[in-house]
Number of protein chains: 2
Amino acid sequence: MAVYTEVTDEELRAFIADYAIGEVISCKGIAEGVENSNYLLVTTDGPYILTLYEKRVNPADLPFFLGLMRHLAARGIVCPQPVPGRDGEALRVLAGRPAVIVTFLTGMWPRRILPEHCAALGKALAQLHLAGADYATPRPNSLSLDGWRALVTATADGADGVKPGLRAALADELAALASLWPGRDGRPGLPQGIIHADLFPDNVFFRDGALSGLIDFYFACSDMLAYDLAICLNAWCFEPDGAFNVTKSRLLLANYAKVRPLTGAEVAALPLLARGSALRFLLTRLYDWVNTPAGALVKRKDPLEYLHKLRFHQQARSLADYGLAPEELT
Amino acid sequence: MAVYTEVTDEELRAFIADYAIGEVISCKGIAEGVENSNYLLVTTDGPYILTLYEKRVNPADLPFFLGLMRHLAARGIVCPQPVPGRDGEALRVLAGRPAVIVTFLTGMWPRRILPEHCAALGKALAQLHLAGADYATPRPNSLSLDGWRALVTATADGADGVKPGLRAALADELAALASLWPGRDGRPGLPQGIIHADLFPDNVFFRDGALSGLIDFYFACSDMLAYDLAICLNAWCFEPDGAFNVTKSRLLLANYAKVRPLTGAEVAALPLLARGSALRFLLTRLYDWVNTPAGALVKRKDPLEYLHKLRFHQQARSLADYGLAPEELT
């Protein structure tokens, strides 16, 4: 469950009085989002989402996230829009936490990923990258190499308890990526921009088979655009049994490239970026696994799922392992 | 979180096609109910609640529960109403589980209990008892004396690990209640009827300060009506710090009695019934505490909260301990 902060009736009533969104009919905690508390707020005007930002979100980043959601919507990306209060301010305080109300997106995230979902995702991700290109505010990715290094250290004591040898495997992979990562130590970089950085299936809504919107921009940051694609490869193209589905990856990559062709350097870097992305989710899941108290309300996600994905990308030698010839993407 | 069963898009689409409730716009798991999976389903017709019954609910009991909800609504009790499919049948199957769609109730359950809530609750509980009086189907309370005995046995090994001496305290209390419980071993009984049996604050909605509806009838059964009142005394009248609030209990009891006067025997039995109710929730919470695996998604509720409540009622000697003179209730 992702409801960490309970809001009393009196607090909610006082909070809503500062908006022109009708009268509250209902407010139910929803099982969406892991980092924040989310409520489905139904008013006489219709449904809204009320989000209370919990400790993992830095309040100083919130204007970046809310501004990005407005920027993207103005360029045709369907995503939740912060609803301003009567004073014009969207970012407010409720139950001692930063809080916003955002518009309600129709659609459901796909519980079972079909190839068509991956095709639509590729197109939407490229459109997101194009729409974000002129977003003026940068935000460094705290979960890139330096962040991974901190997590490797923070999980060192617990790693082998999850799987013997994991500690050494993580340290080795970190060293390998540090020696290869684009844009580091004088190596040439790749095209940069605003990336979503967490575009898992539960953040992509579909309605009647068509992609109806993107949510949860609270990891968005400035990084290599192709790294976002690598995150999606990991999040969307492995089957529940661990098999990599080349049909899905081909549809994801090819449909992305139709909207935003990749550079040759991006194509060549994809297996490496996918390794980095696998390490990133392996590390954050491992950290949560080791540090989540028993009986906590958050479902701990299996870190070893991402060790398996990392192994796949370590063995990949070319784009053929992802179902494509390089020239199909440029 | 109370979402145990994930429903795929295809399953949901096929399920909804059997209803005349518009087109699905959204379907989000909600953090309400502990026993079943609950989704807030938004269609072009408006919001509904979709419930999938999980293992703890006996499918054979579902017609009793759904019939009761219809029976009560026909007599003016605001509660969710099962929505029939196009074939007239409300109880259906989704993702391999029995499932129903029920109407959406406006209002929110009170996070902070005020005396006014207890007054409204007392009146609503009495109205519920009167409305249920002519519900023809009986359903024995599986969580009365015999059920408690089974739970005392099932928790015997784990009880002292939660609190030293708890195992003996539970056995002693069970023996005491068995020797005193109304209607047993030739002792006179108390007025019987359909009781809700789980009317905790999260099952009672308020809107603008007025009680707007009752939900979650999945523990409803046939038992002594005053036992339902004893459950509410425990669930509504203790403060978070453990203090018993006589103002709240007085308002609860007196407002109940205004709608349905209690018999002298019911009044005299209230402290005993409150002990039984405290033991019931102590035992089920203890059972869950001992048997819920670490990392499970359900928040385990503290069993010792109810040991404290049990102690209060064991020491109560008369209705004065609940803020009233007996004649105020008859």
# chains A, B, ... in the order shown; residues from 1 in each chain; ligands from 1
$ residues_around --residues "region 246-262 of chain B" --least-positions-apart "5" --cutoff "10 Å" --atoms "only C-alpha atoms" --output "number ranges by chain"
B: 113-127, 129-130, 190-191, 225-226, 229-230, 232-234, 236-239, 267-268, 319-330
$ closest_atom_pairs --of "chain B" --to "chain A" --cutoff "10 Å" --atoms "only C-alpha atoms" --output "Markdown table"
| residue | atom | partner | partner_atom | distance |
| --- | --- | --- | --- | --- |
| B:Met1 | CA | A:Met1 | CA | 4.1 |
| B:Ala2 | CA | A:Met1 | CA | 7.6 |
| B:Val3 | CA | A:Ala31 | CA | 7.7 |
| B:Glu6 | CA | A:Arg111 | CA | 7.4 |
| B:Val7 | CA | A:Arg111 | CA | 7.2 |
| B:Thr8 | CA | A:Arg111 | CA | 5.1 |
| B:Asp9 | CA | A:Pro110 | CA | 6.3 |
| B:Glu10 | CA | A:Arg112 | CA | 8.8 |
| B:Arg13 | CA | A:Asp208 | CA | 9.1 |
| B:Glu23 | CA | A:Asp208 | CA | 9.7 |
| B:Val24 | CA | A:Gly107 | CA | 8.0 |
| B:Ile25 | CA | A:Thr106 | CA | 5.2 |
| B:Ser26 | CA | A:Gly107 | CA | 4.9 |
| B:Cys27 | CA | A:Met108 | CA | 6.3 |
| B:Lys28 | CA | A:Ile30 | CA | 6.6 |
| B:Gly29 | CA | A:Ala31 | CA | 5.2 |
| B:Ile30 | CA | A:Ile30 | CA | 4.2 |
| B:Ala31 | CA | A:Gly29 | CA | 5.2 |
| B:Glu32 | CA | A:Gly29 | CA | 7.5 |
| B:Asn38 | CA | A:Ile30 | CA | 9.9 |
| B:Tyr39 | CA | A:Ile30 | CA | 8.7 |
| B:Leu40 | CA | A:Ile30 | CA | 8.6 |
| B:Val42 | CA | A:Thr106 | CA | 8.8 |
| B:Thr43 | CA | A:Thr106 | CA | 9.7 |
| B:Gly46 | CA | A:Gly46 | CA | 8.9 |
| B:Pro47 | CA | A:Val42 | CA | 8.9 |
| B:Phe104 | CA | A:Ser26 | CA | 9.4 |
| B:Leu105 | CA | A:Ser26 | CA | 8.1 |
| B:Thr106 | CA | A:Ile25 | CA | 5.2 |
| B:Gly107 | CA | A:Ser26 | CA | 5.0 |
| B:Met108 | CA | A:Ser26 | CA | 5.7 |
| B:Trp109 | CA | A:Asp9 | CA | 8.2 |
| B:Pro110 | CA | A:Asp9 | CA | 6.4 |
| B:Arg111 | CA | A:Thr8 | CA | 5.2 |
| B:Arg112 | CA | A:Thr8 | CA | 6.3 |
| B:Ile113 | CA | A:Thr8 | CA | 9.7 |
| B:Phe205 | CA | A:Ser26 | CA | 9.2 |
| B:Phe206 | CA | A:Asp9 | CA | 9.2 |
| B:Arg207 | CA | A:Ile25 | CA | 7.3 |
| B:Asp208 | CA | A:Arg13 | CA | 9.1 |
| B:Gly209 | CA | A:Asp9 | CA | 9.3 |
| B:Trp289 | CA | A:Gly295 | CA | 9.8 |
| B:Thr292 | CA | A:Gly295 | CA | 8.3 |
| B:Pro293 | CA | A:Gly295 | CA | 7.6 |
| B:Ala294 | CA | A:Ala294 | CA | 4.6 |
| B:Gly295 | CA | A:Gly295 | CA | 4.6 |
| B:Ala296 | CA | A:Gly295 | CA | 5.9 |
| B:Leu297 | CA | A:Leu297 | CA | 5.4 |
| B:Val298 | CA | A:Leu297 | CA | 6.6 |
| B:Lys299 | CA | A:Leu297 | CA | 6.1 |
| B:Arg300 | CA | A:Gly295 | CA | 7.2 |
$ write_last_selection --atoms "C-alpha atoms" --output "CSV table (one decimal), in the first residue's frame"
chain,number,residue,atom,x,y,z
B,1,MET,CA,-2.9,-2.7,1.1
B,2,ALA,CA,-5.9,-4.8,0.3
B,3,VAL,CA,-5.2,-5.8,-3.2
B,6,GLU,CA,-4.4,-8.4,-9.8
B,7,VAL,CA,-6.9,-8.2,-12.6
B,8,THR,CA,-5.6,-8.0,-16.1
B,9,ASP,CA,-7.1,-5.6,-18.6
B,10,GLU,CA,-8.5,-8.4,-20.7
B,13,ARG,CA,-12.9,-5.9,-20.1
B,23,GLU,CA,-17.3,1.9,-20.3
B,24,VAL,CA,-14.4,1.6,-17.9
B,25,ILE,CA,-12.3,4.7,-17.6
B,26,SER,CA,-10.1,3.6,-14.7
B,27,CYS,CA,-9.7,0.9,-12.1
B,28,LYS,CA,-7.4,1.4,-9.1
B,29,GLY,CA,-6.8,-0.8,-6.2
B,30,ILE,CA,-7.8,0.9,-3.0
B,31,ALA,CA,-6.5,0.7,0.5
B,32,GLU,CA,-9.8,-0.3,2.1
B,38,ASN,CA,-11.1,-3.8,-3.6
B,39,TYR,CA,-10.9,-1.6,-6.7
B,40,LEU,CA,-12.4,1.8,-7.3
B,42,VAL,CA,-14.7,4.5,-12.7
B,43,THR,CA,-16.9,4.1,-15.7
B,46,GLY,CA,-19.6,7.2,-12.5
B,47,PRO,CA,-17.7,5.4,-9.7
B,104,PHE,CA,-20.2,3.8,-4.6
B,105,LEU,CA,-21.0,5.4,-1.2
B,106,THR,CA,-20.2,9.0,-0.7
B,107,GLY,CA,-18.4,10.1,2.5
B,108,MET,CA,-15.2,9.3,4.3
B,109,TRP,CA,-14.5,7.2,7.4
B,110,PRO,CA,-13.4,9.4,10.4
B,111,ARG,CA,-9.7,9.2,11.1
B,112,ARG,CA,-10.2,11.1,14.4
B,113,ILE,CA,-13.3,10.0,16.3
B,205,PHE,CA,-18.8,7.0,6.3
B,206,PHE,CA,-19.6,10.6,7.2
B,207,ARG,CA,-20.1,13.5,4.9
B,208,ASP,CA,-20.3,17.1,6.2
B,209,GLY,CA,-20.5,15.7,9.8
B,289,TRP,CA,0.1,-11.4,14.3
B,292,THR,CA,1.3,-13.1,9.0
B,293,PRO,CA,4.7,-13.5,7.3
B,294,ALA,CA,7.2,-10.8,7.5
B,295,GLY,CA,6.9,-8.4,4.6
B,296,ALA,CA,3.2,-9.3,4.0
B,297,LEU,CA,1.2,-6.5,2.5
B,298,VAL,CA,-1.3,-6.4,5.3
B,299,LYS,CA,-0.7,-4.2,8.2
B,300,ARG,CA,-0.8,-6.3,11.3
$ select_by_dssp --residues "region 67-239 of chain A" --states "strand (DSSP E or B)" --output "ChimeraX atom specification"
/A:82,92-94,97-103,108,140,192-195,204-207,210-214,221-224,238
$ select_by_dssp --residues "region 184-262 of chain A" --states "alpha helix (DSSP H)" --output "ChimeraX atom specification"
/A:225-236,246-259
$ write_last_selection --atoms "C-alpha atoms" --output "PDB file, in the first residue's frame"
ATOM      1  CA  LEU A 225      17.908  10.082 -23.591  1.00  0.00           C
ATOM      2  CA  ALA A 226      18.866   6.567 -24.652  1.00  0.00           C
ATOM      3  CA  TYR A 227      19.239   5.639 -20.980  1.00  0.00           C
ATOM      4  CA  ASP A 228      15.454   6.106 -20.613  1.00  0.00           C
ATOM      5  CA  LEU A 229      15.011   3.631 -23.465  1.00  0.00           C
ATOM      6  CA  ALA A 230      17.327   1.204 -21.664  1.00  0.00           C
ATOM      7  CA  ILE A 231      15.170   1.493 -18.523  1.00  0.00           C
ATOM      8  CA  CYS A 232      12.124   0.591 -20.612  1.00  0.00           C
ATOM      9  CA  LEU A 233      13.911  -2.363 -22.183  1.00  0.00           C
ATOM     10  CA  ASN A 234      14.395  -3.768 -18.695  1.00  0.00           C
ATOM     11  CA  ALA A 235      10.957  -2.864 -17.397  1.00  0.00           C
ATOM     12  CA  TRP A 236       8.880  -3.987 -20.384  1.00  0.00           C
ATOM     13  CA  VAL A 246      12.936  -9.708 -28.729  1.00  0.00           C
ATOM     14  CA  THR A 247       9.590  -8.971 -30.383  1.00  0.00           C
ATOM     15  CA  LYS A 248       8.784  -6.519 -27.610  1.00  0.00           C
ATOM     16  CA  SER A 249      12.223  -4.915 -27.629  1.00  0.00           C
ATOM     17  CA  ARG A 250      12.155  -4.611 -31.411  1.00  0.00           C
ATOM     18  CA  LEU A 251       8.761  -2.895 -31.298  1.00  0.00           C
ATOM     19  CA  LEU A 252       9.852  -0.619 -28.457  1.00  0.00           C
ATOM     20  CA  LEU A 253      13.101   0.452 -30.124  1.00  0.00           C
ATOM     21  CA  ALA A 254      11.837   0.682 -33.683  1.00  0.00           C
ATOM     22  CA  ASN A 255       8.790   2.759 -32.737  1.00  0.00           C
ATOM     23  CA  TYR A 256      10.963   5.064 -30.658  1.00  0.00           C
ATOM     24  CA  ALA A 257      13.321   5.542 -33.593  1.00  0.00           C
ATOM     25  CA  LYS A 258      10.447   6.354 -35.940  1.00  0.00           C
ATOM     26  CA  VAL A 259       9.736   9.457 -33.854  1.00  0.00           C
TER      27      VAL A 259
END
$ atom_distance --atom1 "CA of Pro271 (chain B)" --atom2 "CA of Pro201 (chain B)"
20.9 Å
$ atom_distance --atom1 "CA of Ser277 (chain A)" --atom2 "CA of Ala220 (chain A)"
14.3 Å
$ residues_around --residues "Leu68 (chain A)" --least-positions-apart "6" --cutoff "10 Å" --atoms "only C-alpha atoms" --output "list in words"
Leu62, Ala74, Cys79, Gln81, Ala131, Gly132, Tyr135, Ala136, Thr137, Ile194, Phe217, Ala220 and Cys221 of chain A
